[in-house]
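Asker: Below: one structure in structure tokens.
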Amino acid sequence: MPKYLKLLLLMSATILPPALGQDLFRLLPRNPDGWGNTRTDHLYTPETLYDYIDGGAELYLSYNMKEVASRIISQGDNEIRIEVFDMQEAKNAFGVFTHTRTKDQRQYGQGSQEFVGALIFWKGRYFVAITANDNNREISDAMHQLGQQIEARITEEGETPAILNLLPTENLDEDGFLYFHHYIWLNAYHYISNENILNISDKCDAVLAKYGKKEKRTYLLIIRYPDETKAREGYSSLLSELYEGDDDPQMIEDGSFIGSALTGKYLQVVFNAATAVEASELLNLTENKIKKNKTN
């Protein structure tokens with residue numbers, strides 16, 4: 001189970017008036033069969049989220065969370081926490097999901113994964129996390145009932161970010177990509193920099209993807225800037241901060257190759273390639289998809 005999901009079971013926080021999130025609380029389900037009526041509801045906003053999940057709040061805040069409704073239900077020693085995050089836009093809910101899942105099992109919503117003692121999924125602008133304090137048959141059955149109810153109550157669906165269509169599919173790890181628009185996730189798969197050297201803002205769309213086998217990964221980063229001027233600034237910063245020279249892939253200190261290209265509003269960067277040819281081929285495939293795609 002991801003670390004942040006364990007944290008969700010341990011944190012306590014101030015109760016806020018449910019009226020502040022009436023629409024969100026309507027998505028919370030009834031208690032599963034045999035779980036009685038005991039429940040505790042909370043509502044958290046960006047201003048109070050650190051009180052709730054200190055150490056994990058950055059994830060949701062970086063994807064523009066509006067609020068989260070939380071309900072705790074119990075049956076004997078069994079306890080389940082249900083959380084519905086309003087992420088304002090489908091792309092944000094999807095982004096949180098890509099950051100959390102390791103494999104999309106596609107059982108609930110528009111994407112889901114079940115862990116030991118946890119179930120997560122996204123649908124429309126909502127990200128849902130159901131977590132338990134134990135793992136047994138009663139909890140597992142209850143979690144699936146809860147997931148089905150919440151999925152049915154979320155009537156809207158959303159589009160995945162168009163930038164995903166620019167990822168070359170050959171050798172792509174099927175579930176090995178992360179969508180984001182905050183620079184703090186730049187190092188999610190491969191260390192690049194602790195600073196925002198590529199000038200990524202909330203007006204950008206970015207995807208970081210894994211290619212090749214686990215033993216020798218290559219990483220592709222695509223950033224869509226709001227305009228070509230911002231894209232050129234990001235590209236110039238890349239060349240000055242990470243490596244010197246032109247667009248040709250170059251070997252860096254660890255023996256791997258880095259390469260980059262600029263196509264209109266799009267900056268493409270390949271990291272950790274085994275050879276210059278590999279880096280160039282991936283960049284060329286990406287550039288061709290950008291030119292053929294009608295994404296603005």
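As shown in the structure tokens, the chain order sets the letters A, B, ...; within each chain, residues go from 1, and ligands are also counted from 1 in the order they appear.
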Could you give me the residues within range 59-268 of chain A that DSSP places in strand (DSSP E or B), as a PyMOL selection string?
Answerer: chain A and resi 67-75+78-86+111-115+118-123+126-132+172-180+205-211+218-224+250-251+257-263+266-268
Asker: Within 12 Å of Gln105 in chain A, counting only C-alpha atoms, which residues qualify if same-chain residues fewer than 5 places away don't, as a list of chain:residue names?
Answerer: A:Phe97, A:Gln110, A:Gly111, A:Ser112, A:Gln113, A:Glu114, A:Phe115, A:Leu119, A:Ile120, A:Phe121, A:Trp122, A:Glu174, A:Asp175
Asker: Near Lys289 in chain A, within 9 Å and counting only C-alpha atoms, which residues show up once chain neighbours fewer than 4 positions away are dropped, as a ChimeraX atom specification?
Answerer: /A:165-168,284-285,293
Asker: What does the structure give for the distance between CA of Ser74 in chain A and CA of Ala142 in chain A, in Å to one decimal?
Answerer: 10.6 Å
Asker: Hey, what's within 6 Å of range 80-95 of chain A if we count only C-alpha atoms and toss same-chain stuff fewer than 6 positions away? As a list in words, please?
Answerer: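 Listed by chain and then number, they are Tyr63, Met65, Lys66, Glu67, Val68, Ala69, Ser70, Arg71, Ile72, Ile73, Gly124, Arg125, Tyr126, Phe127, Val128, Ala129, Ile130, Thr131, Ala132, Gly158, Thr160, Pro161, Tyr179 and Phe180 of chain A.
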Asker: Report the distance between CA of Asp54 in chain A and CA of Ile197 in chain A in Å, rounded to one decimal place.
Answerer: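 Computing it gives 26.7 Å between the two atoms.
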Asker: Given only C-alpha atoms as the basis, pick out the residue of A:Lys230, A:Arg30, A:His190, A:His181 nearest to Tyr60 in chain A.
Answerer: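 Distance minimum relative to Tyr60 in chain A lands on A:His181.
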Asker: Please return, as a ChimeraX atom specification, all residues of range 59-271 of chain A that DSSP assigns to alpha helix (DSSP H) on the basis of the backbone.
Answerer: /A:59-61,90-100,137-153,228-241
Asker: Work out how far apart CA of Thr45 in chain A and CA of Leu24 in chain A are and give it in Å to one decimal.
Answerer: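 Value for the CA of Thr45 in chain A-CA of Leu24 in chain A distance: 11.9 Å.
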Asker: For each of A:Thr48, A:Thr98, A:Gln107, A:Thr229, take the minimum atom-to-atom distance to Ala209 in chain A, counting only C-alpha atoms, then give the residue where this is smallest.
Answerer: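 With only C-alpha atoms as the atom set, the closest residue is A:Thr98.
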Asker: I'd like to know which of A:Leu221, A:Ile139, A:Met251, A:Cys204 is closest to Asn187 in chain A, using only C-alpha atoms.
Answerer: A:Leu221
